[in-house]
Structures are given as structure tokens and as C-alpha cells.
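One structure below.
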Amino acid sequence: MTRPLRGFALDVDLEAEGTVAIVGPSGAGKSSLLRLIAGLLRPSAGLVECGGERWFGDGADVPPERRRVGFVFQHYALFPHLSARANVAFGAEGRDVGPLLRRLGIDHLAAARPGTLSGGERQRVAVARALARRPRLMLLDEPLSALDPATRGAVAAELAGVLRETGLPALVVTHSFDEAASLSERVLVMERGQIVQDGPAGELLARPATAFVAEFAGMNRLTGVASGTKVLLDSGVEVRVADPAEGPVAVLVAPWEVSLSPAVPEGLSSLNHLEVTVRRVVPLGNRVRVALDGLTAEVTPESAARLELRPGVPVVASWKATASRTVPRA
Amino acid sequence: MFSAGDIVAGLDSPVARDALRLSLETSLTALAVMVLVGTPIAYMLGTRDFPGKSVVVTAFELPLVLPPAVAGLGLLFAFGRRGLLGGELSALGLEIPFTRLAVVLAMTFVASPLYVRQAQSAFAAVDDDLLAAARTLGAGETRTFLRVAIPVAAQGLGAGAALGWARALGEFGATIIFAGSLQGVTQTAPIAIYIGFDSDPDAAFAVAAVLIAASALVLLSVKLLARGGARRFGPA
């Protein structure tokens, strides 16, 4: 379906089953996509169907109240004048919401007003309220962004479980790779109203389609000008890449493909080298993340100790040409 | 000087009692009309954009700046026997000027913009996502309006109603021109004060004292509503 947005048109062709995470830079049209499906926005042309039922297109335009979508808004949009229970019961058409409150672990909060609940509690009320509608499709707009980072991981796992249990198709907009990966097997990347990549989270890491996908997945992004398999980086250093290209490009390298050594190793011409300075050293579980000038490396704690990595230490960062990808840059 | 005893004595006069009863009844009727008709209009103006909206808003706000005497003349011109709608109204056996209905019309005309303006901004302040959420939960336009928009905007609506009622209660210029000053029929409290100032000062001051108390009460309730609104829903 199509809808003109500020500066570009949303043009998306998508079929969903199970949970699909949608990611993309802000303003890519992710929220608009959900609102178009829910009937809160009207596409200028296109088709919206759910379970064989035509919601929009060819003269049909079903109003939002008859589309049976479970929408979870970014800031939850709980009704402030109603208790948690009354919020959940709003769309339940008289059905008992007790079992749903228990299933989401919020039955003890039934009488509380949304203003008194924590972020995580509000999110569960919002999910329960959407499910109480008996939806045929769940649409969740950044359901985790209003939570503090410490609880986000646990809530994401819980949410993924709840969505899986329902067996409903669900589109979840998120803005972090970890969230997307923990919510769903399938990740869909949108940029400027278009779907630029659609596949398992692992594929985004292995074969990012655009510079945004790479950065989003935590990859290094070095800009320069390509001529065949050589790229002259903006820093003046020439590196080799596997994919030949011409003109302005970004060279993408995963942090774990970057190795560090005290000096340029000899006799390994297949490697690219950059002489850089250590800026920050952050232990991350069984890995150590090393921030360098314009580059991030991930090494084992053993090699971090052996290299005596600390801010200010000069090192040589190396990676294989075959471990990098080249994408054109606007 | 007037003592409390003078006020009580003044309230004994039939002129004062008739005026206060009439003012209470007509201003509450005017309030009911402006709330019932004005609330949906304010909702449309506060939550929707449509071509010519600013023209409509300006038309609704005109009575706010119009001198009340001019408003009274305008009402006569529209509803008078020889007015624009006079012919149609007499055909229906309706004669509006110089009746109780004229008092209510004058009050509604002058006071409703105050209510509509306040209600419009109260509705505009309601988070759009709350209304969108109600729609996705199966509520049509009407149920969304009644069950979400009105309760969430309630304090603003209450404050607007209080201000509108106070303005209706104090209406003088449009009423005296369009409805006249017939004791017990169209002589409202402010008009009774004006007439009684010469003929029956005790009654005039007694009525004035009641109006002062009513105005103070309205102002107090508006302030309390505003404070309650901030506290009611807690942090967002």
C-alpha cells in the first residue's frame, strides 16, 4: 500500500505470520505502517487484508473499531480516568477479563489507576487491553521504549512469550537490534518508507543490505571512495574490500572481525590495517568491547590483558578484506 | 451602610425573590443548552481540522467581543416579529422577544462562546492516542467521545461551564433589549438591581450581595477544578 508522508511515500508490500519485528531510523514510516493497518491513517492507494477479510482497498474502508486489531501504543495510551481492570475491559465486549489479568500477572493491580503504575506494569495493562479485544492481529508501536533500560531485556522476553502463546500475527516496531532479535525470528528493516531488508536477525548481521542495517546491528562503518576492490578511506588510508564498487561507499566490518595487535604484523598482505588509539575498554560478559578512533573491536579478555589495553595505548586494528562488506553511500 | 439584617430584609421583597428565582432558572437552562449543544461542537473544533475551521471558530467567538447591547439588537433583528425569522416563528405561534425564552436565548448567545472556547482547548489537550486507542478497542466515534474524550477533558469542561454560567447569570445588556424588564418574567437579577437602585435600594443591594456570593463560589470552584485536574491522574 502507499501513503505520501513528509518528503517520501510509504510503499510497503508485506505478509505477516507470527511475530515480525520492524526496525528503522526515526521517520522511516514504521508507526505510519501500523496506523495504516489499524485504520487510524488512510492510505492513498493499496490493499489491507487480514485473514481473508478486506479492510482497505477496492472501495472497502473498514473503520478502526471494526478491524479487530490489538494496538499497543508507544506510550501505552491507557485511559487515565479508568482503573487497570476497566482499561482492559474497555474493548472486551462484556467478557470476563479476570483470566487475562492473571495471565499477564496484573490481577493485583486491577483497581489501580494508570498514573500510579510503573512503566512495566503499564505495558502489561496495555498488552492485556489489546488482547481483551480478541484481535486477529497485534500491532505494537515501540512497546519497550518507555521502559528503563535495566528492565527492558526481561520485559522483551516476557512479551515475546505472550505473543507466541497467542499465535496471532504481530508486528512490533522497535529501535534496537537486541530488542528486535529477542522479540522475533524475522526482522524487517524500513528506510524512507521502503522495506530494505526482511529476514532472520542473524542475516542482518551477516549480510546487512544498507549502511543503516549495519550500524543498527552494531557494525563498524568506515566511509571512503571505492575504486574496484580498493577503498580510499576519508582518513587517507587505503583498504581492500571483497565486493568491487565505484564511488562513495561505506565499508562495513563487524567488531568481532577486528583483531588488535601492538604493531603491524608482517607477511599478511590479505589483512587491512589501521593504526589507531584505544579510547575506551568496556568488558561485556565474556568479551571486551574496545572503542578505537572511529572503530570498535571485540576481543577476548585474555588478549585485552596481553595487549595491556587502556585508553591512550596505540594499537593496530586488522581485518580480512573478505570479512568486510561495501555498500553505496548517498 | 447596609447590615446583614438589611440584606435579609431586602430579600423579603417580591421583586428581589422573583428576580433571583428567574435568574437561577433561566441561567441554568442556558447552561444546559450551551453544554448539550456546545460540547459536541467544541469536540469537533478541538480535535479535527477542516477547511474553513478558522471562519467557524471566529463566528463562534464573535459574541465574546460584541457589545451586549448590540447582541440584543441582533437577536431582535433575527427573532423579532418583523425580524428575519419573525414570519416563520409567528406562523408557528411562537413569539420570542420579551418572554422567558428570550432571556434564555440572550444568555446562551452571550455566554456560550466562553464555554465553547474553554471546552475546545480542553478537548485539544486530550492525547490523540487515547482517542485512537478507543477506536482500535471497538468504540465508534460516539462512544469514544462519551467514554474517553469527555471524562479525560472533564475538568476543563467543568471550568468552562462554571465560567459560562457566571456570564449568563450576569447578563444585562442583551437581555434588557431583547427581553425587556417584566417582573417575574424577564426581570433578571442584574436588571432588578438596575431598576431597584432608584425605587427599592434594599432589594437591589440584597440581590447584589447574592450575586457577589455566587460569583465568588464560581471562581473558587474553577480554581479547585484546575488544581484537582493536575492531581487527579497523577504523573503521566
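Going through the C-alpha cells in order, the chains are called A, B, and so on, while each chain numbers its residues from 1 and the ligands are numbered from 1 in the order shown.
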
task = Kindly provide, as a list in words, the residues of chain B having any atom no farther than 10 Å from an atom of chain A, counting only C-alpha atoms.
result = Asp127, Asp128, Asp129, Leu130, Leu131, Ala132, Ala133, Ala134, Arg135, Thr136, Leu137, Gly138, Ala139, Gly140, Glu141, Arg147, Val148, Ala149, Pro151, Val152, Ala154, Arg232, Phe233, Gly234, Pro235 and Ala236 of chain B

query = Skipping near chain neighbours, those fewer than 5 positions away, what residues fall within 12 Å of B:Asp18 using only C-alpha atoms, listed as a count of residues only?
reply = 20

key: Contacts of A:Phe177 within 8 Å, only C-alpha atoms, excl. fewer than 6 positions in-chain, as a ChimeraX atom specification   = /A:23,216-217

Just C-alpha atoms for this one: save the residues we selected as an mmCIF file, in the first residue's frame.
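In the end it all went to result_18.cif:
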data_model
loop_
_atom_site.group_PDB
_atom_site.id
_atom_site.type_symbol
_atom_site.label_atom_id
_atom_site.label_comp_id
_atom_site.auth_asym_id
_atom_site.auth_seq_id
_atom_site.Cartn_x
_atom_site.Cartn_y
_atom_site.Cartn_z
ATOM 1 C CA VAL A 23 13.117 -1.582 12.714
ATOM 2 C CA PHE A 216 21.846 -0.830 13.609
ATOM 3 C CA ALA A 217 23.334 -4.294 14.078
#

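Using only C-alpha atoms for every distance, the candidate list B:Ala42, B:Val116, B:Leu163, B:Met107 yields B:Val116 as the residue closest to B:Glu61.
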
message = DSSP on the backbone, alpha helix (DSSP H) only: what residues of stretch 59-184 of chain A does that give? Format it as an MDAnalysis selection string.
response = chainID A and resid 84:89 98:103 119:132 149:166 177:183

task = Skip A:Asp198 itself and residues of its chain fewer than 4 positions away, then list as a list in words all residues within 9 Å of it, counting only C-alpha atoms.
result = Arg186, Val187, Leu188, Val189, Met190, Glu203 and Leu204 of chain A

Secondary structure check, strand (DSSP E) residues of stretch 57-304 of chain A, as a ChimeraX atom specification = /A:57,60-61,69-72,137-141,170-173,186-191,194-200,220-233,238-253,259-261,271-284,287-292,295-299

ask   = Which residues come within 12 Å of B:Ala204, counting only C-alpha atoms, excluding same-chain residues fewer than 2 positions away, as a PyMOL selection string?
value = chain B and resi 2+6-17+19-20+188-202+206-211

How would the residues just picked look written out with N, CA and C atoms as an mmCIF file, in the first residue's frame?
data_model
loop_
_atom_site.group_PDB
_atom_site.id
_atom_site.type_symbol
_atom_site.label_atom_id
_atom_site.label_comp_id
_atom_site.auth_asym_id
_atom_site.auth_seq_id
_atom_site.Cartn_x
_atom_site.Cartn_y
_atom_site.Cartn_z
ATOM 1 N N PHE B 2 -25.082 49.193 54.728
ATOM 2 C CA PHE B 2 -26.089 48.125 54.838
ATOM 3 C C PHE B 2 -25.575 47.040 55.753
ATOM 4 N N ASP B 6 -30.258 44.197 56.801
ATOM 5 C CA ASP B 6 -30.851 44.877 55.647
ATOM 6 C C ASP B 6 -30.920 43.943 54.445
ATOM 7 N N ILE B 7 -29.877 43.132 54.295
ATOM 8 C CA ILE B 7 -29.846 42.209 53.154
ATOM 9 C C ILE B 7 -30.981 41.201 53.266
ATOM 10 N N VAL B 8 -31.129 40.648 54.485
ATOM 11 C CA VAL B 8 -32.208 39.663 54.691
ATOM 12 C C VAL B 8 -33.563 40.324 54.459
ATOM 13 N N ALA B 9 -33.701 41.562 54.959
ATOM 14 C CA ALA B 9 -34.958 42.272 54.764
ATOM 15 C C ALA B 9 -35.196 42.527 53.275
ATOM 16 N N GLY B 10 -34.120 42.904 52.576
ATOM 17 C CA GLY B 10 -34.232 43.161 51.148
ATOM 18 C C GLY B 10 -34.675 41.941 50.374
ATOM 19 N N LEU B 11 -34.199 40.755 50.838
ATOM 20 C CA LEU B 11 -34.554 39.511 50.147
ATOM 21 C C LEU B 11 -36.018 39.158 50.341
ATOM 22 N N ASP B 12 -36.659 39.832 51.316
ATOM 23 C CA ASP B 12 -38.080 39.584 51.546
ATOM 24 C C ASP B 12 -38.946 40.188 50.449
ATOM 25 N N SER B 13 -38.383 41.176 49.740
ATOM 26 C CA SER B 13 -39.202 41.853 48.739
ATOM 27 C C SER B 13 -39.484 40.908 47.575
ATOM 28 N N PRO B 14 -40.729 40.909 47.070
ATOM 29 C CA PRO B 14 -41.089 40.026 45.956
ATOM 30 C C PRO B 14 -40.241 40.319 44.726
ATOM 31 N N VAL B 15 -39.872 41.573 44.529
ATOM 32 C CA VAL B 15 -39.054 41.920 43.358
ATOM 33 C C VAL B 15 -37.729 41.157 43.403
ATOM 34 N N ALA B 16 -37.067 41.197 44.572
ATOM 35 C CA ALA B 16 -35.772 40.521 44.723
ATOM 36 C C ALA B 16 -35.928 39.018 44.534
ATOM 37 N N ARG B 17 -36.940 38.441 45.177
ATOM 38 C CA ARG B 17 -37.122 36.986 45.088
ATOM 39 C C ARG B 17 -37.458 36.539 43.674
ATOM 40 N N ALA B 19 -36.699 38.053 40.932
ATOM 41 C CA ALA B 19 -35.526 38.247 40.076
ATOM 42 C C ALA B 19 -34.511 37.128 40.270
ATOM 43 N N LEU B 20 -34.268 36.766 41.546
ATOM 44 C CA LEU B 20 -33.266 35.721 41.809
ATOM 45 C C LEU B 20 -33.742 34.364 41.298
ATOM 46 N N THR B 188 -34.395 39.831 35.243
ATOM 47 C CA THR B 188 -33.373 39.003 35.897
ATOM 48 C C THR B 188 -32.700 39.805 37.011
ATOM 49 N N ALA B 189 -31.860 39.141 37.782
ATOM 50 C CA ALA B 189 -31.230 39.789 38.936
ATOM 51 C C ALA B 189 -30.459 41.069 38.565
ATOM 52 N N PRO B 190 -29.588 41.035 37.523
ATOM 53 C CA PRO B 190 -28.872 42.279 37.212
ATOM 54 C C PRO B 190 -29.826 43.406 36.814
ATOM 55 N N ILE B 191 -30.908 43.066 36.108
ATOM 56 C CA ILE B 191 -31.866 44.098 35.693
ATOM 57 C C ILE B 191 -32.614 44.628 36.914
ATOM 58 N N ALA B 192 -32.948 43.726 37.847
ATOM 59 C CA ALA B 192 -33.627 44.143 39.076
ATOM 60 C C ALA B 192 -32.741 45.097 39.880
ATOM 61 N N ILE B 193 -31.437 44.864 39.851
ATOM 62 C CA ILE B 193 -30.516 45.761 40.561
ATOM 63 C C ILE B 193 -30.569 47.144 39.925
ATOM 64 N N TYR B 194 -30.530 47.172 38.602
ATOM 65 C CA TYR B 194 -30.539 48.446 37.872
ATOM 66 C C TYR B 194 -31.830 49.216 38.144
ATOM 67 N N ILE B 195 -32.980 48.524 38.056
ATOM 68 C CA ILE B 195 -34.284 49.171 38.269
ATOM 69 C C ILE B 195 -34.438 49.565 39.740
ATOM 70 N N GLY B 196 -34.089 48.593 40.630
ATOM 71 C CA GLY B 196 -34.305 48.799 42.057
ATOM 72 C C GLY B 196 -33.394 49.844 42.677
ATOM 73 N N PHE B 197 -32.304 50.157 42.012
ATOM 74 C CA PHE B 197 -31.351 51.128 42.550
ATOM 75 C C PHE B 197 -32.050 52.447 42.875
ATOM 76 N N ASP B 198 -33.045 52.801 42.042
ATOM 77 C CA ASP B 198 -33.832 54.016 42.299
ATOM 78 C C ASP B 198 -35.007 53.745 43.228
ATOM 79 N N SER B 199 -35.778 52.685 42.900
ATOM 80 C CA SER B 199 -37.069 52.511 43.562
ATOM 81 C C SER B 199 -36.971 51.723 44.866
ATOM 82 N N ASP B 200 -36.073 50.750 44.948
ATOM 83 C CA ASP B 200 -36.047 49.872 46.122
ATOM 84 C C ASP B 200 -34.605 49.466 46.419
ATOM 85 N N PRO B 201 -33.790 50.390 46.945
ATOM 86 C CA PRO B 201 -32.358 50.121 47.143
ATOM 87 C C PRO B 201 -32.098 48.889 48.004
ATOM 88 N N ASP B 202 -32.915 48.640 49.023
ATOM 89 C CA ASP B 202 -32.703 47.462 49.870
ATOM 90 C C ASP B 202 -32.709 46.183 49.041
ATOM 91 N N ALA B 206 -29.564 43.656 48.264
ATOM 92 C CA ALA B 206 -29.688 42.249 48.659
ATOM 93 C C ALA B 206 -29.390 41.342 47.476
ATOM 94 N N VAL B 207 -29.962 41.676 46.316
ATOM 95 C CA VAL B 207 -29.710 40.865 45.109
ATOM 96 C C VAL B 207 -28.228 40.923 44.757
ATOM 97 N N ALA B 208 -27.651 42.115 44.866
ATOM 98 C CA ALA B 208 -26.228 42.261 44.551
ATOM 99 C C ALA B 208 -25.375 41.379 45.456
ATOM 100 N N ALA B 209 -25.754 41.334 46.751
ATOM 101 C CA ALA B 209 -24.986 40.511 47.693
ATOM 102 C C ALA B 209 -25.030 39.046 47.282
ATOM 103 N N VAL B 210 -26.207 38.578 46.851
ATOM 104 C CA VAL B 210 -26.324 37.178 46.423
ATOM 105 C C VAL B 210 -25.468 36.922 45.182
ATOM 106 N N LEU B 211 -25.471 37.878 44.236
ATOM 107 C CA LEU B 211 -24.668 37.702 43.013
ATOM 108 C C LEU B 211 -23.178 37.669 43.329
#

query = Which neighbours of A:Asp178 fall inside 10 Å, counting only C-alpha atoms, when residues of the same chain fewer than 5 positions from it are skipped, and could you give them as a ChimeraX atom specification?
reply = /A:153,156,183,201,216-218

Residue selection dump (C-alpha atoms) as a short mmCIF file (atom, residue, chain, number, x, y, z; two decimals), in the first residue's frame:
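Below is the file selection_5.cif, written as the result:
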data_model
loop_
_atom_site.label_atom_id
_atom_site.label_comp_id
_atom_site.auth_asym_id
_atom_site.auth_seq_id
_atom_site.Cartn_x
_atom_site.Cartn_y
_atom_site.Cartn_z
CA GLY A 153 15.51 -7.15 28.36
CA ALA A 156 11.09 -8.13 25.94
CA LEU A 183 11.20 -10.44 20.08
CA ALA A 201 18.12 -11.35 12.73
CA PHE A 216 21.85 -0.83 13.61
CA ALA A 217 23.33 -4.29 14.08
CA GLY A 218 26.38 -2.72 15.72
#

Mind running stretch 78-161 of chain A against stretch 48-61 of chain A at 12 Å and telling me each contacting residue's nearest atom pair with the distance in Å (one decimal), counting only C-alpha atoms, chain and number ascending, as CSV?
residue,atom,partner,partner_atom,distance
A:Pro135,CA,A:Cys50,CA,10.6
A:Arg136,CA,A:Cys50,CA,7.5
A:Leu137,CA,A:Cys50,CA,7.7
A:Met138,CA,A:Cys50,CA,11.2

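Distance check against B:Ala30 using only C-alpha atoms: of B:Gly170, B:Gly164, B:Gly72, B:Gly158, the minimum falls on B:Gly164.
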
Can you list, as an mmCIF file with N, CA and C atoms, in the first residue's frame, every protein, DNA or RNA residue that comes within 8 Å of A:Ser261 when you count only C-alpha atoms, leaving out same-chain residues fewer than 3 positions away?
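The resulting file, part33.cif, is shown below:
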data_model
loop_
_atom_site.group_PDB
_atom_site.id
_atom_site.type_symbol
_atom_site.label_atom_id
_atom_site.label_comp_id
_atom_site.auth_asym_id
_atom_site.auth_seq_id
_atom_site.Cartn_x
_atom_site.Cartn_y
_atom_site.Cartn_z
ATOM 1 N N VAL A 264 52.116 -3.576 13.273
ATOM 2 C CA VAL A 264 51.637 -4.185 12.030
ATOM 3 C C VAL A 264 52.291 -5.550 11.853
ATOM 4 N N PRO A 265 51.480 -6.632 11.811
ATOM 5 C CA PRO A 265 52.066 -7.956 11.639
ATOM 6 C C PRO A 265 52.680 -8.062 10.245
ATOM 7 N N LEU A 307 47.510 -7.389 25.630
ATOM 8 C CA LEU A 307 47.856 -6.153 24.920
ATOM 9 C C LEU A 307 47.908 -4.947 25.847
ATOM 10 N N VAL A 315 47.434 1.019 19.056
ATOM 11 C CA VAL A 315 47.387 -0.380 18.598
ATOM 12 C C VAL A 315 47.158 -0.384 17.093
ATOM 13 N N VAL A 316 47.277 -1.584 16.524
ATOM 14 C CA VAL A 316 46.953 -1.752 15.113
ATOM 15 C C VAL A 316 45.709 -2.628 15.025
ATOM 16 N N ALA A 317 44.701 -2.102 14.352
ATOM 17 C CA ALA A 317 43.465 -2.860 14.148
ATOM 18 C C ALA A 317 43.532 -3.494 12.769
ATOM 19 N N SER A 318 43.236 -4.811 12.699
ATOM 20 C CA SER A 318 43.341 -5.512 11.417
ATOM 21 C C SER A 318 42.079 -6.325 11.146
#

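Comparing A:Leu104, A:Ala128, A:Ala323, A:Ala154 by their smallest distance to A:Ala86, the closest is A:Ala128 (using only C-alpha atoms).
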